Amino acid sequence: MRWRPMGCAESVGGKLAALALLALLGPGPALGQDLDPEVAQAEAKTTVRMTLDEVVRVLQDESLSPEQKRKRTEEIAYKRFDFETISRLVLARNWRRLSAEQRLDFVIEFKRHLSLSYGDTLQQYQDETFTIDRTRFEKRGDVTVRTSIVGASVDPILIDYRLRKREDGWYVIDLITEGVSLISNFRSQTKEIISQIGPDGLIERLREKNEKRASQG
Amino acid sequence: MLALLSGCLGASAERPDPYESFNRGIFEFNNQVDTYALEPVAKGWSFITPEDFRIALGKFFQNLRFPVRFLTNLGQGEVKRSGSELARFITNSTVGLLGFFDPATRFGLGKYPGDFGLMFGRWGVPSGPYWVIPLVGPSNPRDGVGYVFDSVLNPFSLARTVVAVSGAVTSTVNGRALAEAQVDLAREAALDLYVFVRDAYIQRRIAQIRNQDLFESDTPEPDADDLYNLPDDLYQLEDEPNEVEADGLR
């Protein structure tokens, strides 16, 4: 059976059921250690290429409304990003301080937050093209795939995707835009916020931000 | 002298922002200036000009900033890169119609960004503490000194004329218009915009100084180790409540 990390927690109504699911469905262990670097890089590159092709097809489909486009790209992102690993890496040591329920809330709200903010930006790039430039094999069997968005500005925008292999394929665990890692950046922010208002305060702030944007449509 | 300047203002890696509360004040001021002055003008500019024109104009201004790239690449001993920048400048200023177009890239002449802060960084000058400069934005003592050199060598500051001033203003407005998507993203995505921008600035400068072209090599990111490390005990955390229960049962 193929479980996707956090794939369907939101569609399940009860929080208890979702909690049980989180425990059950957490992504399997990363397979990093024994990967062949050549094969790994080729696989990760293909994953990124297929995903970006899919996104571009949606963005350029003129029969879709902006809202439909946002929804479709969100679906694509949801199945290719490992939001649980991203959340753990973002919270780092603070992950320990969160209860199981707080962890689940954080993963759900953070996922929505990234989807809402990056989804809006993505819409502005519908006329641009992307290229896949290089790959690099990292420690722990991760692979970084360097891409650039061409035509949006004077210089191409460099975006690196860092992927990690799980039993059912490669998942994105970080986005590095012009040398700035999403994980690292949100780690600093959440660290600062947790130290000021605690984990519940952080989750509440995320939720408020998400609700506000959702109601704005 | 630079080394001295940065040395005595020692900011450690653990505490890169000792003047945070002061910086936050200036950051807020800059943010207001952007929201109420620069952004509206840039939006108007975007409304009356086609995107292709804004990009071409951006290329024109970038071409004019050639002296800084030429000198700072040379200052790092990157003679080939300096040469490439020189060839780019000649090509784009002529065949590229004053730099509005960039045929040089198609001829295989690579772009090598550079500024004085970056050059000092490659020389090993530490950045010093994080500073937010009014109307300029994120910086630090090293990059601030570099910025002065960059500005002096900017062709618009060489000639003090109406043309120069309007050129500088247009460059700023045009640049802001081109960056609209990124600024929007930062404002949308940030949970704490100040920290978001500060960390993005610090990380980006480190990446630039480390030389992003090294991506070609097979060497993994040197400092990324800690960032992507999920220690095994983190994985076991999900069992933690059970352990506590088990303890209670005992």
# chains A, B, ... in the order shown; residues from 1 in each chain; ligands from 1
>>> interface_residues(of="chain A", to="chain B", cutoff="6 Å", atoms="only C-alpha atoms", output="MDAnalysis selection string")
chainID A and resid 117 138 153:154 179:180 185 189
>>> residues_around(residues="Leu52 (chain A)", least_positions_apart="4", cutoff="12 Å", atoms="only C-alpha atoms", output="number ranges by chain")
A: 45-48, 56-59, 73, 76-77, 80, 122, 126, 128-132, 145, 147-149, 159, 161
>>> select_by_dssp(residues="region 87-223 of chain B", states="strand (DSSP E or B)", output="PyMOL selection string")
chain B and resi 131-133+137-139
>>> closest_residue(among="A:Val172, A:Ala42, A:Leu163, A:Ile194", to="Trp95 (chain A)", atoms="only C-alpha atoms")
A:Ile194
>>> select_by_dssp(residues="region 3-63 of chain B", states="helix (DSSP H, G or I)", output="number ranges by chain")
B: 3-8, 20-48, 51-63
>>> residues_around(residues="region 12-26 of chain B", least_positions_apart="3", cutoff="9 Å", atoms="only C-alpha atoms", output="list in words")
Phe29, Asn30, Asn31, Gly128, Pro129, Tyr130, Trp131, Val132, Ile133, Pro134, Leu135, Gly137, Tyr194, Arg198 and Ile202 of chain B
>>> residues_around(residues="Phe110 (chain A)", least_positions_apart="2", cutoff="9 Å", atoms="only C-alpha atoms", output="ChimeraX atom specification")
/A:83,87,105-108,112-115,203,206-207
>>> closest_residue(among="A:Leu35, A:Glu211, A:Arg49, A:Glu54", to="Arg146 (chain A)", atoms="only C-alpha atoms")
A:Arg49
>>> atom_distance(atom1="CA of Tyr125 (chain A)", atom2="CA of Asp160 (chain A)")
16.6 Å
>>> residues_around(residues="Arg88 (chain B)", least_positions_apart="6", cutoff="12 Å", atoms="only C-alpha atoms", output="VMD selection string")
chain B and resid 59 62 to 67 69 to 70 81 to 82 94 to 96 98 to 99 101 to 112
>>> atom_distance(atom1="CA of Ala164 (chain B)", atom2="CA of Lys43 (chain B)")
22.5 Å
>>> closest_residue(among="B:Met119, B:Gly124, B:Thr170, B:Pro40", to="Val145 (chain B)", atoms="only C-alpha atoms")
B:Met119
>>> atom_distance(atom1="CA of Phe120 (chain B)", atom2="CA of Ser188 (chain A)")
26.3 Å
